[in-house]
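Participant: I am attaching a structure below and will ask some questions about it afterwards.
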Amino acid sequence: FKFGCVFSCAKTSFSDWLVQTLVEKRESVDWKRNSTFALFGLVYLGGVQYTLYVPVFSRLFPSAASFATAPVAEKLTNFSGQRNMLAQVFIDQFVHHPLAYFPAFYALKEVVNGGTPMQGVQKYQKNWKEDLVALWKIWIPSTIINFTFMPMFLRIPWVASTSLIWTCILSAMRGGDEAFETNPSLAEDVMGNQGRMLELTFAHRPATERSSIYNRTDEHVLLTVTGHDRVGYVNELTAEVLACGGDILDARMYKLGGVFVANMLVSAEPDSMTKLVKSLGELDRMQVNVQKTEPWRRSPLSRHDSGTDPVEPPLSFVATLNVMGPDKEGIIERLSAVCKASNVDIGQMSCSLVWGHSSDGKPAKCCSIKGAIRAYSPIDEAALRQRLRAVEKDMGLTVRLMVEGGHG
């Protein structure tokens with residue numbers, strides 16, 4: 001029991017330190033935040049969770065220990081043991097974690113930060129859907145393995161091993177500032193959609209891979225199509241592209257200010273492309289803008305003054321930028337100025353209005369900005385972070401720069 005408490009304390013502290021130093025790349029560790037995780041690991045994971053998994057479950061399910069150590073063939077025919085295993089998973093994942101684990105974590109974190117336990121529980125009420133989905137993706141498979149195969153003395157080590165990964169996720173999702181804690185879309189960036197950053201991977205692939213993926217004998221166009229949103233809009237548009245011999249290579253579709261917008265990179269043989277452009281211009285209730293492009297060519301930002309090679313060089317810096325704070329004029333202008341001054345290219349950026357909370361806890365209109373930035377030559381990352389901190393301070397924002405592994 002004592003070993004479990006000490007180990008859980010050290011493990012949760014280490015996980016948060018790992019996220020702060022390697023993922024968030026902070027210049028200095030937030031030890032107040034780290035102490036929250038350490039204290040939570042000591043008291044709850046080491047004490048409460050141990051009590052549930054070993055003494056309590058041993059009494060509720062006396063045959064659990066023998067089922068865990070039985071051969072696999074015997075497990076397959078032991079339906080009573082299987083029901084007990086599923087009951088343990090249900091109690092742990094659908095009773096213990098929603099009703100005890102998360103409320104305790106939020107309450108403790110709020111107390112450490114000077115608030116009250118009830119304020120922490122209120123934050124959990126806003127985040128519970130995203131938190132539980134993230135939890136279940138990791139813990140339901142892990143718990144099934146634990147209660148099926150692990151003898152009693154290995155249950156806590158198995159939980160601790162899985163928890164090392166989970167605590168890193170929880171630290172990234174809920175370890176930082178309040179604005180991010182109460183904004184579900186930012187939580188989803190970290191866990192709800194674990195592959196969100198992979199959307200940007202295509203633009204960040206090595207130059208040779210980006211060059212070879214396209215058929216250079218085809219013509220390529222970038223289509224921007226706008227129109228009032230209605231059922232069948234996307235089908236009508238894509239069916240026309242297909243009917244004219246076009247191939248959609250990449251697409252972004254979204255609703256903006258009541259208007260549906262589709263951006264598509266389309267390839268086709270030269271004769272088919274002429275027919276395609278003419279046909280799209282005749283679509284009812286759609287406005288189509290066509291721009292020819294050669295997607296294998298490098299960006300002008302990456303072109304060396306003395307070079308004539310048409311292929312992009314490898315990227316030296318790739319990062320995602322998440323910004324949250326009060327809605328004010330000039331935020332995007334300030335951020336783009338920082339990127340320009342740092343010789344960083346904005347690959348993607350989205351901005352939306354969301355409901356958040358002001359410093360006094362009242363509902364307030366906030367601005368949520370997400371972007372992907374990159375550089376083709378080495379940059380001064382420290383200077384970039386300093387400029388972002390200046391924007392953060394001047395405009396009352398929360399800014400997170402997360403550098404992709406292996407870059408910058």
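The way I read the labels, and the way they are meant: chains A, B, ... in the order of the structure tokens, residue 1 as the first residue of every chain, and ligand 1 as the first ligand shown, with later ones counted on from there.
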Env of Pro71 of chain A: 12 Å cut, atoms = only C-alpha atoms, seq-sep filter 6 positions within chain, self excluded. Answer as a PyMOL selection string.
Facilitator: chain A and resi 77-78+148-150
Participant: Would you list, as a CSV table (one decimal) with N, CA, C and O atoms, in the first residue's frame, the residues of segment 42-131 of chain A that end up in alpha helix (DSSP H) under DSSP run on this structure's backbone?
Facilitator:
```csv
chain,number,residue,atom,x,y,z
A,49,GLN,N,-7.9,4.4,-5.1
A,49,GLN,CA,-7.9,3.4,-6.2
A,49,GLN,C,-7.4,2.0,-5.7
A,49,GLN,O,-8.0,1.0,-6.2
A,50,TYR,N,-6.4,2.0,-4.9
A,50,TYR,CA,-5.9,0.7,-4.4
A,50,TYR,C,-7.0,0.0,-3.6
A,50,TYR,O,-7.2,-1.2,-3.7
A,51,THR,N,-7.6,0.8,-2.7
A,51,THR,CA,-8.7,0.2,-1.9
A,51,THR,C,-9.8,-0.4,-2.7
A,51,THR,O,-10.3,-1.5,-2.4
A,57,PHE,N,-13.0,-5.0,-4.5
A,57,PHE,CA,-13.3,-5.9,-5.5
A,57,PHE,C,-13.1,-7.4,-5.1
A,57,PHE,O,-13.8,-8.3,-5.6
A,58,SER,N,-12.1,-7.6,-4.2
A,58,SER,CA,-11.9,-9.0,-3.7
A,58,SER,C,-13.1,-9.5,-3.0
A,58,SER,O,-13.4,-10.7,-3.0
A,59,ARG,N,-13.8,-8.6,-2.2
A,59,ARG,CA,-14.9,-9.0,-1.4
A,59,ARG,C,-16.2,-9.1,-2.3
A,59,ARG,O,-17.0,-9.9,-2.1
A,60,LEU,N,-16.3,-8.1,-3.2
A,60,LEU,CA,-17.5,-8.1,-4.1
A,60,LEU,C,-17.5,-9.3,-5.1
A,60,LEU,O,-18.5,-9.8,-5.5
A,64,ALA,N,-12.8,-13.6,-8.5
A,64,ALA,CA,-12.0,-12.8,-9.5
A,64,ALA,C,-10.6,-13.2,-9.6
A,64,ALA,O,-10.0,-13.3,-10.7
A,65,ALA,N,-10.0,-13.5,-8.4
A,65,ALA,CA,-8.6,-13.9,-8.4
A,65,ALA,C,-8.3,-15.2,-9.1
A,65,ALA,O,-7.4,-15.3,-9.9
A,66,SER,N,-9.2,-16.2,-8.9
A,66,SER,CA,-9.0,-17.5,-9.6
A,66,SER,C,-9.3,-17.4,-11.1
A,66,SER,O,-8.6,-18.0,-11.9
A,67,PHE,N,-10.3,-16.5,-11.5
A,67,PHE,CA,-10.6,-16.3,-12.9
A,67,PHE,C,-9.4,-15.7,-13.6
A,67,PHE,O,-9.0,-16.0,-14.7
A,68,ALA,N,-8.7,-14.7,-13.0
A,68,ALA,CA,-7.6,-14.0,-13.6
A,68,ALA,C,-6.4,-14.9,-13.8
A,68,ALA,O,-5.7,-14.8,-14.8
A,69,THR,N,-6.2,-15.9,-13.0
A,69,THR,CA,-5.1,-16.8,-13.1
A,69,THR,C,-5.4,-18.1,-13.9
A,69,THR,O,-4.5,-18.9,-14.1
A,72,VAL,N,-6.5,-19.5,-20.5
A,72,VAL,CA,-7.4,-18.8,-21.5
A,72,VAL,C,-8.5,-19.7,-21.9
A,72,VAL,O,-9.7,-19.3,-22.0
A,73,ALA,N,-8.3,-21.0,-22.1
A,73,ALA,CA,-9.3,-21.9,-22.6
A,73,ALA,C,-10.4,-22.0,-21.5
A,73,ALA,O,-11.6,-22.1,-21.8
A,74,GLU,N,-10.0,-22.0,-20.2
A,74,GLU,CA,-11.0,-22.1,-19.2
A,74,GLU,C,-11.7,-20.8,-19.0
A,74,GLU,O,-12.9,-20.8,-18.7
A,75,LYS,N,-11.1,-19.7,-19.3
A,75,LYS,CA,-11.8,-18.4,-19.2
A,75,LYS,C,-12.9,-18.3,-20.2
A,75,LYS,O,-14.0,-17.8,-20.0
A,76,LEU,N,-12.7,-18.9,-21.4
A,76,LEU,CA,-13.7,-18.8,-22.5
A,76,LEU,C,-14.9,-19.6,-22.2
A,76,LEU,O,-16.0,-19.2,-22.7
A,77,THR,N,-14.9,-20.6,-21.3
A,77,THR,CA,-16.1,-21.3,-20.9
A,77,THR,C,-16.6,-20.9,-19.6
A,77,THR,O,-17.7,-21.4,-19.1
A,79,PHE,N,-18.5,-18.6,-17.9
A,79,PHE,CA,-19.4,-17.4,-18.2
A,79,PHE,C,-19.6,-16.6,-16.9
A,79,PHE,O,-19.8,-15.4,-16.9
A,80,SER,N,-19.6,-17.3,-15.8
A,80,SER,CA,-19.8,-16.6,-14.5
A,80,SER,C,-18.6,-15.6,-14.3
A,80,SER,O,-18.8,-14.5,-13.9
A,81,GLY,N,-17.4,-16.1,-14.6
A,81,GLY,CA,-16.2,-15.3,-14.4
A,81,GLY,C,-16.2,-14.1,-15.4
A,81,GLY,O,-15.8,-13.0,-15.0
A,82,GLN,N,-16.7,-14.4,-16.6
A,82,GLN,CA,-16.8,-13.3,-17.6
A,82,GLN,C,-17.7,-12.2,-17.1
A,82,GLN,O,-17.5,-11.0,-17.3
A,83,ARG,N,-18.9,-12.6,-16.6
A,83,ARG,CA,-19.8,-11.7,-16.1
A,83,ARG,C,-19.2,-10.8,-14.9
A,83,ARG,O,-19.5,-9.6,-14.8
A,84,ASN,N,-18.5,-11.5,-14.0
A,84,ASN,CA,-17.9,-10.8,-13.0
A,84,ASN,C,-16.8,-9.8,-13.5
A,84,ASN,O,-16.7,-8.7,-13.0
A,85,MET,N,-16.1,-10.2,-14.5
A,85,MET,CA,-15.1,-9.3,-15.1
A,85,MET,C,-15.8,-8.1,-15.7
A,85,MET,O,-15.4,-6.9,-15.5
A,86,LEU,N,-16.9,-8.3,-16.4
A,86,LEU,CA,-17.6,-7.1,-17.0
A,86,LEU,C,-18.2,-6.2,-16.0
A,86,LEU,O,-18.3,-5.0,-16.1
A,87,ALA,N,-18.7,-6.9,-14.9
A,87,ALA,CA,-19.2,-6.1,-13.8
A,87,ALA,C,-18.2,-5.2,-13.1
A,87,ALA,O,-18.4,-4.0,-12.8
A,88,GLN,N,-16.9,-5.7,-13.0
A,88,GLN,CA,-15.8,-4.9,-12.4
A,88,GLN,C,-15.5,-3.7,-13.4
A,88,GLN,O,-15.3,-2.6,-12.9
A,89,VAL,N,-15.5,-4.0,-14.7
A,89,VAL,CA,-15.2,-2.9,-15.7
A,89,VAL,C,-16.3,-1.9,-15.6
A,89,VAL,O,-16.1,-0.7,-15.6
A,90,PHE,N,-17.6,-2.3,-15.5
A,90,PHE,CA,-18.7,-1.4,-15.4
A,90,PHE,C,-18.6,-0.5,-14.2
A,90,PHE,O,-18.7,0.7,-14.3
A,102,PHE,N,-13.1,11.8,-11.4
A,102,PHE,CA,-13.0,13.1,-12.0
A,102,PHE,C,-13.4,14.2,-11.0
A,102,PHE,O,-12.8,15.3,-11.0
A,103,PRO,N,-14.5,14.1,-10.3
A,103,PRO,CA,-14.9,15.1,-9.3
A,103,PRO,C,-13.7,15.4,-8.3
A,103,PRO,O,-13.5,16.5,-8.0
A,104,ALA,N,-13.1,14.3,-7.9
A,104,ALA,CA,-11.9,14.5,-6.9
A,104,ALA,C,-10.8,15.2,-7.6
A,104,ALA,O,-10.2,16.1,-7.0
A,105,PHE,N,-10.5,14.9,-8.8
A,105,PHE,CA,-9.4,15.6,-9.5
A,105,PHE,C,-9.7,17.0,-9.7
A,105,PHE,O,-8.8,17.9,-9.4
A,106,TYR,N,-10.9,17.4,-10.2
A,106,TYR,CA,-11.2,18.8,-10.4
A,106,TYR,C,-11.2,19.6,-9.1
A,106,TYR,O,-10.8,20.7,-9.1
A,107,ALA,N,-11.8,19.0,-8.1
A,107,ALA,CA,-11.9,19.6,-6.8
A,107,ALA,C,-10.5,19.9,-6.2
A,107,ALA,O,-10.3,21.0,-5.7
A,108,LEU,N,-9.7,18.9,-6.3
A,108,LEU,CA,-8.3,19.1,-5.7
A,108,LEU,C,-7.5,20.2,-6.5
A,108,LEU,O,-6.9,21.0,-5.9
A,109,LYS,N,-7.7,20.1,-7.8
A,109,LYS,CA,-7.0,21.1,-8.7
A,109,LYS,C,-7.4,22.5,-8.4
A,109,LYS,O,-6.6,23.5,-8.3
A,110,GLU,N,-8.7,22.7,-8.1
A,110,GLU,CA,-9.3,24.0,-7.9
A,110,GLU,C,-8.8,24.5,-6.5
A,110,GLU,O,-8.5,25.7,-6.3
A,111,VAL,N,-8.8,23.6,-5.5
A,111,VAL,CA,-8.3,24.0,-4.2
A,111,VAL,C,-6.9,24.5,-4.2
A,111,VAL,O,-6.5,25.5,-3.6
A,112,VAL,N,-6.0,23.7,-4.9
A,112,VAL,CA,-4.6,24.1,-5.0
A,112,VAL,C,-4.4,25.4,-5.7
A,112,VAL,O,-3.5,26.2,-5.3
A,117,PRO,N,-13.8,23.4,-3.8
A,117,PRO,CA,-14.1,22.2,-4.4
A,117,PRO,C,-15.3,22.3,-5.3
A,117,PRO,O,-15.4,21.6,-6.4
A,118,MET,N,-16.3,23.0,-4.9
A,118,MET,CA,-17.5,23.2,-5.7
A,118,MET,C,-17.2,23.8,-7.1
A,118,MET,O,-17.8,23.4,-8.1
A,119,GLN,N,-16.3,24.8,-7.1
A,119,GLN,CA,-15.9,25.4,-8.4
A,119,GLN,C,-15.3,24.4,-9.3
A,119,GLN,O,-15.5,24.4,-10.5
A,120,GLY,N,-14.5,23.5,-8.7
A,120,GLY,CA,-13.9,22.4,-9.5
A,120,GLY,C,-15.0,21.5,-10.1
A,120,GLY,O,-14.9,21.1,-11.2
A,121,VAL,N,-15.9,21.1,-9.3
A,121,VAL,CA,-17.0,20.2,-9.7
A,121,VAL,C,-17.8,20.9,-10.9
A,121,VAL,O,-18.2,20.3,-11.8
A,122,GLN,N,-18.0,22.2,-10.7
A,122,GLN,CA,-18.7,22.9,-11.8
A,122,GLN,C,-18.0,22.9,-13.1
A,122,GLN,O,-18.6,22.8,-14.2
A,123,LYS,N,-16.6,22.9,-13.1
A,123,LYS,CA,-15.8,22.8,-14.3
A,123,LYS,C,-16.0,21.4,-14.9
A,123,LYS,O,-16.0,21.2,-16.1
A,124,TYR,N,-16.0,20.4,-14.0
A,124,TYR,CA,-16.2,19.1,-14.5
A,124,TYR,C,-17.5,18.9,-15.2
A,124,TYR,O,-17.6,18.2,-16.2
A,125,GLN,N,-18.6,19.6,-14.7
A,125,GLN,CA,-19.9,19.5,-15.3
A,125,GLN,C,-19.8,20.0,-16.8
A,125,GLN,O,-20.6,19.6,-17.6
A,126,LYS,N,-18.9,20.9,-17.1
A,126,LYS,CA,-18.8,21.5,-18.4
A,126,LYS,C,-18.0,20.5,-19.3
A,126,LYS,O,-18.1,20.5,-20.5
A,127,ASN,N,-17.1,19.8,-18.7
A,127,ASN,CA,-16.1,19.0,-19.5
A,127,ASN,C,-16.4,17.5,-19.5
A,127,ASN,O,-15.6,16.7,-20.1
A,128,TRP,N,-17.4,17.0,-18.8
A,128,TRP,CA,-17.5,15.6,-18.5
A,128,TRP,C,-17.6,14.7,-19.7
A,128,TRP,O,-17.0,13.6,-19.8
A,129,LYS,N,-18.3,15.2,-20.8
A,129,LYS,CA,-18.4,14.4,-22.0
A,129,LYS,C,-17.1,14.1,-22.6
A,129,LYS,O,-16.7,13.0,-23.0
A,130,GLU,N,-16.3,15.2,-22.8
A,130,GLU,CA,-15.0,15.1,-23.5
A,130,GLU,C,-14.0,14.2,-22.6
A,130,GLU,O,-13.3,13.4,-23.1
A,131,ASP,N,-14.1,14.5,-21.3
A,131,ASP,CA,-13.2,13.7,-20.4
A,131,ASP,C,-13.5,12.2,-20.4
A,131,ASP,O,-12.6,11.4,-20.4
```
Participant: Could you check which of A:Leu222, A:Ala70, A:Ala100, A:Ala134 is closest to Lys292 of chain A, using only C-alpha atoms?
Facilitator: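 Going through A:Leu222, A:Ala70, A:Ala100, A:Ala134 one by one, the smallest distance to Lys292 of chain A is for A:Leu222.
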Participant: Calculated over only C-alpha atoms, which of the candidates A:Ser279, A:Ser336, A:Ser8, A:Ser352 has the smallest distance to Val391 of chain A?
Facilitator: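 Closest to Val391 of chain A, using only C-alpha atoms: A:Ser336.
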Participant: Would you kindly return, as a VMD selection string, each protein, DNA or RNA residue with an atom no farther than 7 Å from any atom of segment 318-334 of chain A, considering only C-alpha atoms and excluding same-chain residues fewer than 6 positions away?
Facilitator: chain A and resid 179 365 to 375 391 396 to 404 407 to 408
Participant: For the atom pair atom CA of Gly245 of chain A and atom CA of Lys275 of chain A, what is the interatomic distance in Å to one decimal place?
Facilitator: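 Atom-to-atom, atom CA of Gly245 of chain A to atom CA of Lys275 of chain A, that is 8.8 Å.
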Participant: Please identify all polymer residues within 10 Å of Ser342 of chain A, counting only C-alpha atoms, omitting same-chain residues fewer than 6 positions from it, and present them as a PyMOL selection string.
Facilitator: chain A and resi 336+375+379-385+387
Participant: Output all heavy atoms for every residue in the selection just made, as an mmCIF file, in the first residue's frame.
Facilitator:
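That gives us again.cif:
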```cif
data_model
loop_
_atom_site.group_PDB
_atom_site.id
_atom_site.type_symbol
_atom_site.label_atom_id
_atom_site.label_comp_id
_atom_site.auth_asym_id
_atom_site.auth_seq_id
_atom_site.Cartn_x
_atom_site.Cartn_y
_atom_site.Cartn_z
ATOM 1 N N SER A 336 -0.543 37.096 -36.736
ATOM 2 C CA SER A 336 0.110 37.001 -38.049
ATOM 3 C C SER A 336 1.365 37.862 -38.098
ATOM 4 O O SER A 336 2.348 37.511 -38.758
ATOM 5 C CB SER A 336 -0.869 37.415 -39.153
ATOM 6 O OG SER A 336 -1.285 38.767 -38.977
ATOM 7 N N ALA A 375 8.089 26.439 -40.825
ATOM 8 C CA ALA A 375 9.216 27.216 -41.354
ATOM 9 C C ALA A 375 10.100 26.288 -42.164
ATOM 10 O O ALA A 375 10.263 25.105 -41.844
ATOM 11 C CB ALA A 375 10.011 27.857 -40.220
ATOM 12 N N ILE A 379 14.595 28.633 -37.238
ATOM 13 C CA ILE A 379 14.089 29.877 -36.672
ATOM 14 C C ILE A 379 14.536 29.994 -35.221
ATOM 15 O O ILE A 379 15.005 29.026 -34.620
ATOM 16 C CB ILE A 379 12.546 29.947 -36.744
ATOM 17 C CG1 ILE A 379 11.927 28.894 -35.790
ATOM 18 C CG2 ILE A 379 12.045 29.770 -38.150
ATOM 19 C CD1 ILE A 379 10.472 29.128 -35.491
ATOM 20 N N ASP A 380 14.366 31.178 -34.690
ATOM 21 C CA ASP A 380 14.661 31.417 -33.277
ATOM 22 C C ASP A 380 13.376 31.146 -32.495
ATOM 23 O O ASP A 380 12.519 32.024 -32.353
ATOM 24 C CB ASP A 380 15.129 32.861 -33.091
ATOM 25 C CG ASP A 380 15.610 33.143 -31.664
ATOM 26 O OD1 ASP A 380 15.280 32.337 -30.765
ATOM 27 O OD2 ASP A 380 16.298 34.157 -31.462
ATOM 28 N N GLU A 381 13.238 29.906 -32.003
ATOM 29 C CA GLU A 381 12.002 29.522 -31.317
ATOM 30 C C GLU A 381 11.788 30.334 -30.048
ATOM 31 O O GLU A 381 10.655 30.683 -29.699
ATOM 32 C CB GLU A 381 12.021 28.032 -30.993
ATOM 33 C CG GLU A 381 10.724 27.533 -30.384
ATOM 34 C CD GLU A 381 10.759 26.045 -30.074
ATOM 35 O OE1 GLU A 381 11.474 25.298 -30.762
ATOM 36 O OE2 GLU A 381 10.064 25.631 -29.121
ATOM 37 N N ALA A 382 12.870 30.647 -29.350
ATOM 38 C CA ALA A 382 12.741 31.428 -28.119
ATOM 39 C C ALA A 382 12.161 32.809 -28.416
ATOM 40 O O ALA A 382 11.318 33.322 -27.669
ATOM 41 C CB ALA A 382 14.098 31.557 -27.441
ATOM 42 N N ALA A 383 12.614 33.421 -29.526
ATOM 43 C CA ALA A 383 12.092 34.739 -29.907
ATOM 44 C C ALA A 383 10.620 34.643 -30.292
ATOM 45 O O ALA A 383 9.814 35.531 -29.970
ATOM 46 C CB ALA A 383 12.905 35.311 -31.056
ATOM 47 N N LEU A 384 10.247 33.560 -30.989
ATOM 48 C CA LEU A 384 8.843 33.356 -31.352
ATOM 49 C C LEU A 384 7.972 33.249 -30.101
ATOM 50 O O LEU A 384 6.916 33.888 -30.009
ATOM 51 C CB LEU A 384 8.718 32.081 -32.191
ATOM 52 C CG LEU A 384 7.294 31.573 -32.473
ATOM 53 C CD1 LEU A 384 6.497 32.601 -33.261
ATOM 54 C CD2 LEU A 384 7.332 30.235 -33.213
ATOM 55 N N ARG A 385 8.420 32.473 -29.119
ATOM 56 C CA ARG A 385 7.651 32.319 -27.887
ATOM 57 C C ARG A 385 7.567 33.636 -27.113
ATOM 58 O O ARG A 385 6.548 33.956 -26.499
ATOM 59 C CB ARG A 385 8.281 31.222 -27.017
ATOM 60 C CG ARG A 385 8.123 29.826 -27.603
ATOM 61 C CD ARG A 385 8.715 28.763 -26.691
ATOM 62 N NE ARG A 385 8.539 27.432 -27.254
ATOM 63 C CZ ARG A 385 7.450 26.682 -27.140
ATOM 64 N NH1 ARG A 385 6.411 27.154 -26.460
ATOM 65 N NH2 ARG A 385 7.376 25.481 -27.675
ATOM 66 N N ARG A 387 7.552 36.654 -28.410
ATOM 67 C CA ARG A 387 6.571 37.511 -29.095
ATOM 68 C C ARG A 387 5.148 37.053 -28.792
ATOM 69 O O ARG A 387 4.237 37.877 -28.621
ATOM 70 C CB ARG A 387 6.833 37.491 -30.602
ATOM 71 C CG ARG A 387 8.164 38.124 -31.020
ATOM 72 C CD ARG A 387 8.306 38.160 -32.532
ATOM 73 N NE ARG A 387 9.593 38.727 -32.938
ATOM 74 C CZ ARG A 387 10.610 38.017 -33.414
ATOM 75 N NH1 ARG A 387 10.478 36.697 -33.562
ATOM 76 N NH2 ARG A 387 11.738 38.603 -33.747
#
```
Participant: Residues near Leu45 of chain A, anyone? I mean within 9 Å using only C-alpha atoms, not counting same-chain ones fewer than 5 positions away, as a list in words.
Facilitator: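 Skipping anything fewer than 5 positions along the chain leaves Gly4, Cys5, Ser8, Cys9, Phe40, Tyr50, Tyr101 and Ala160 of chain A.
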Participant: Would you pick out the contacts of Leu249 of chain A at 10 Å or less, using only C-alpha atoms, so that residues sharing its chain but fewer than 4 positions from it are not included, and give the list as a PyMOL selection string?
Facilitator: chain A and resi 214+220+264-267
Participant: Write the selection just made, keeping N, CA and C atoms, as a PDB file, in the first residue's frame?
Facilitator:
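Contents of the output file selection.pdb:
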```pdb
ATOM      1  N   TYR A 214       1.690  13.266 -56.729  1.00  0.00           N
ATOM      2  CA  TYR A 214       0.832  13.834 -57.764  1.00  0.00           C
ATOM      3  C   TYR A 214       1.214  13.295 -59.144  1.00  0.00           C
ATOM      4  N   HIS A 220      -4.201  20.384 -62.433  1.00  0.00           N
ATOM      5  CA  HIS A 220      -4.693  20.510 -61.067  1.00  0.00           C
ATOM      6  C   HIS A 220      -5.277  21.899 -60.862  1.00  0.00           C
ATOM      7  N   MET A 264     -11.531  22.577 -52.618  1.00  0.00           N
ATOM      8  CA  MET A 264     -11.147  21.258 -53.107  1.00  0.00           C
ATOM      9  C   MET A 264      -9.971  21.365 -54.081  1.00  0.00           C
ATOM     10  N   LEU A 265      -9.009  20.469 -53.902  1.00  0.00           N
ATOM     11  CA  LEU A 265      -7.933  20.306 -54.866  1.00  0.00           C
ATOM     12  C   LEU A 265      -8.338  19.165 -55.788  1.00  0.00           C
ATOM     13  N   VAL A 266      -8.502  19.465 -57.079  1.00  0.00           N
ATOM     14  CA  VAL A 266      -9.031  18.500 -58.039  1.00  0.00           C
ATOM     15  C   VAL A 266      -8.035  18.307 -59.170  1.00  0.00           C
ATOM     16  N   SER A 267      -7.859  17.055 -59.584  1.00  0.00           N
ATOM     17  CA  SER A 267      -7.006  16.757 -60.737  1.00  0.00           C
ATOM     18  C   SER A 267      -7.847  16.114 -61.828  1.00  0.00           C
TER      19      SER A 267
END
```
Participant: Please list as a list in words every residue within 10 Å of segment 254-258 of chain A, counting only C-alpha atoms and excluding residues in the same chain fewer than 3 positions away.
Facilitator: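 Here the qualifying residues turn out to be Thr226, Gly227, His228, Asp229, Val261, Ala262, Asn263 and Ser352 of chain A.
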Participant: Selected residues, all heavy atoms, written as a PDB file, in the first residue's frame, please.
Facilitator:
```
ATOM      1  N   THR A 226     -18.990  28.292 -53.136  1.00  0.00           N
ATOM      2  CA  THR A 226     -19.809  28.833 -52.051  1.00  0.00           C
ATOM      3  C   THR A 226     -21.277  28.828 -52.450  1.00  0.00           C
ATOM      4  O   THR A 226     -21.623  28.915 -53.633  1.00  0.00           O
ATOM      5  CB  THR A 226     -19.403  30.277 -51.700  1.00  0.00           C
ATOM      6  OG1 THR A 226     -19.555  31.105 -52.867  1.00  0.00           O
ATOM      7  CG2 THR A 226     -17.955  30.331 -51.238  1.00  0.00           C
ATOM      8  N   GLY A 227     -22.133  28.697 -51.460  1.00  0.00           N
ATOM      9  CA  GLY A 227     -23.572  28.714 -51.702  1.00  0.00           C
ATOM     10  C   GLY A 227     -24.313  28.543 -50.394  1.00  0.00           C
ATOM     11  O   GLY A 227     -23.730  28.128 -49.386  1.00  0.00           O
ATOM     12  N   HIS A 228     -25.604  28.849 -50.388  1.00  0.00           N
ATOM     13  CA  HIS A 228     -26.400  28.688 -49.176  1.00  0.00           C
ATOM     14  C   HIS A 228     -26.549  27.213 -48.853  1.00  0.00           C
ATOM     15  O   HIS A 228     -26.837  26.393 -49.729  1.00  0.00           O
ATOM     16  CB  HIS A 228     -27.772  29.357 -49.340  1.00  0.00           C
ATOM     17  CG  HIS A 228     -27.699  30.848 -49.349  1.00  0.00           C
ATOM     18  ND1 HIS A 228     -27.389  31.577 -48.219  1.00  0.00           N
ATOM     19  CD2 HIS A 228     -27.872  31.757 -50.347  1.00  0.00           C
ATOM     20  CE1 HIS A 228     -27.378  32.864 -48.519  1.00  0.00           C
ATOM     21  NE2 HIS A 228     -27.658  32.999 -49.806  1.00  0.00           N
ATOM     22  N   ASP A 229     -26.347  26.872 -47.595  1.00  0.00           N
ATOM     23  CA  ASP A 229     -26.343  25.484 -47.157  1.00  0.00           C
ATOM     24  C   ASP A 229     -27.706  24.848 -47.379  1.00  0.00           C
ATOM     25  O   ASP A 229     -28.744  25.450 -47.106  1.00  0.00           O
ATOM     26  CB  ASP A 229     -25.970  25.423 -45.668  1.00  0.00           C
ATOM     27  CG  ASP A 229     -25.692  24.012 -45.218  1.00  0.00           C
ATOM     28  OD1 ASP A 229     -25.381  23.170 -46.081  1.00  0.00           O
ATOM     29  OD2 ASP A 229     -25.792  23.754 -44.002  1.00  0.00           O
ATOM     30  N   VAL A 261     -19.084  26.554 -47.578  1.00  0.00           N
ATOM     31  CA  VAL A 261     -17.863  26.783 -48.360  1.00  0.00           C
ATOM     32  C   VAL A 261     -17.151  25.450 -48.553  1.00  0.00           C
ATOM     33  O   VAL A 261     -16.975  24.687 -47.602  1.00  0.00           O
ATOM     34  CB  VAL A 261     -16.912  27.773 -47.647  1.00  0.00           C
ATOM     35  CG1 VAL A 261     -15.678  28.028 -48.505  1.00  0.00           C
ATOM     36  CG2 VAL A 261     -17.630  29.078 -47.342  1.00  0.00           C
ATOM     37  N   ALA A 262     -16.765  25.175 -49.782  1.00  0.00           N
ATOM     38  CA  ALA A 262     -16.002  23.970 -50.092  1.00  0.00           C
ATOM     39  C   ALA A 262     -14.724  24.369 -50.821  1.00  0.00           C
ATOM     40  O   ALA A 262     -14.778  25.055 -51.845  1.00  0.00           O
ATOM     41  CB  ALA A 262     -16.820  23.012 -50.951  1.00  0.00           C
ATOM     42  N   ASN A 263     -13.592  23.966 -50.272  1.00  0.00           N
ATOM     43  CA  ASN A 263     -12.301  24.147 -50.933  1.00  0.00           C
ATOM     44  C   ASN A 263     -11.796  22.767 -51.343  1.00  0.00           C
ATOM     45  O   ASN A 263     -11.653  21.878 -50.495  1.00  0.00           O
ATOM     46  CB  ASN A 263     -11.289  24.803 -49.993  1.00  0.00           C
ATOM     47  CG  ASN A 263     -11.696  26.215 -49.627  1.00  0.00           C
ATOM     48  OD1 ASN A 263     -12.131  26.976 -50.467  1.00  0.00           O
ATOM     49  ND2 ASN A 263     -11.585  26.554 -48.357  1.00  0.00           N
ATOM     50  N   SER A 352     -13.075  31.032 -34.421  1.00  0.00           N
ATOM     51  CA  SER A 352     -14.513  30.941 -34.158  1.00  0.00           C
ATOM     52  C   SER A 352     -14.838  31.596 -32.825  1.00  0.00           C
ATOM     53  O   SER A 352     -13.977  31.717 -31.950  1.00  0.00           O
ATOM     54  CB  SER A 352     -14.972  29.477 -34.143  1.00  0.00           C
ATOM     55  OG  SER A 352     -14.296  28.753 -33.135  1.00  0.00           O
TER      56      SER A 352
END
```
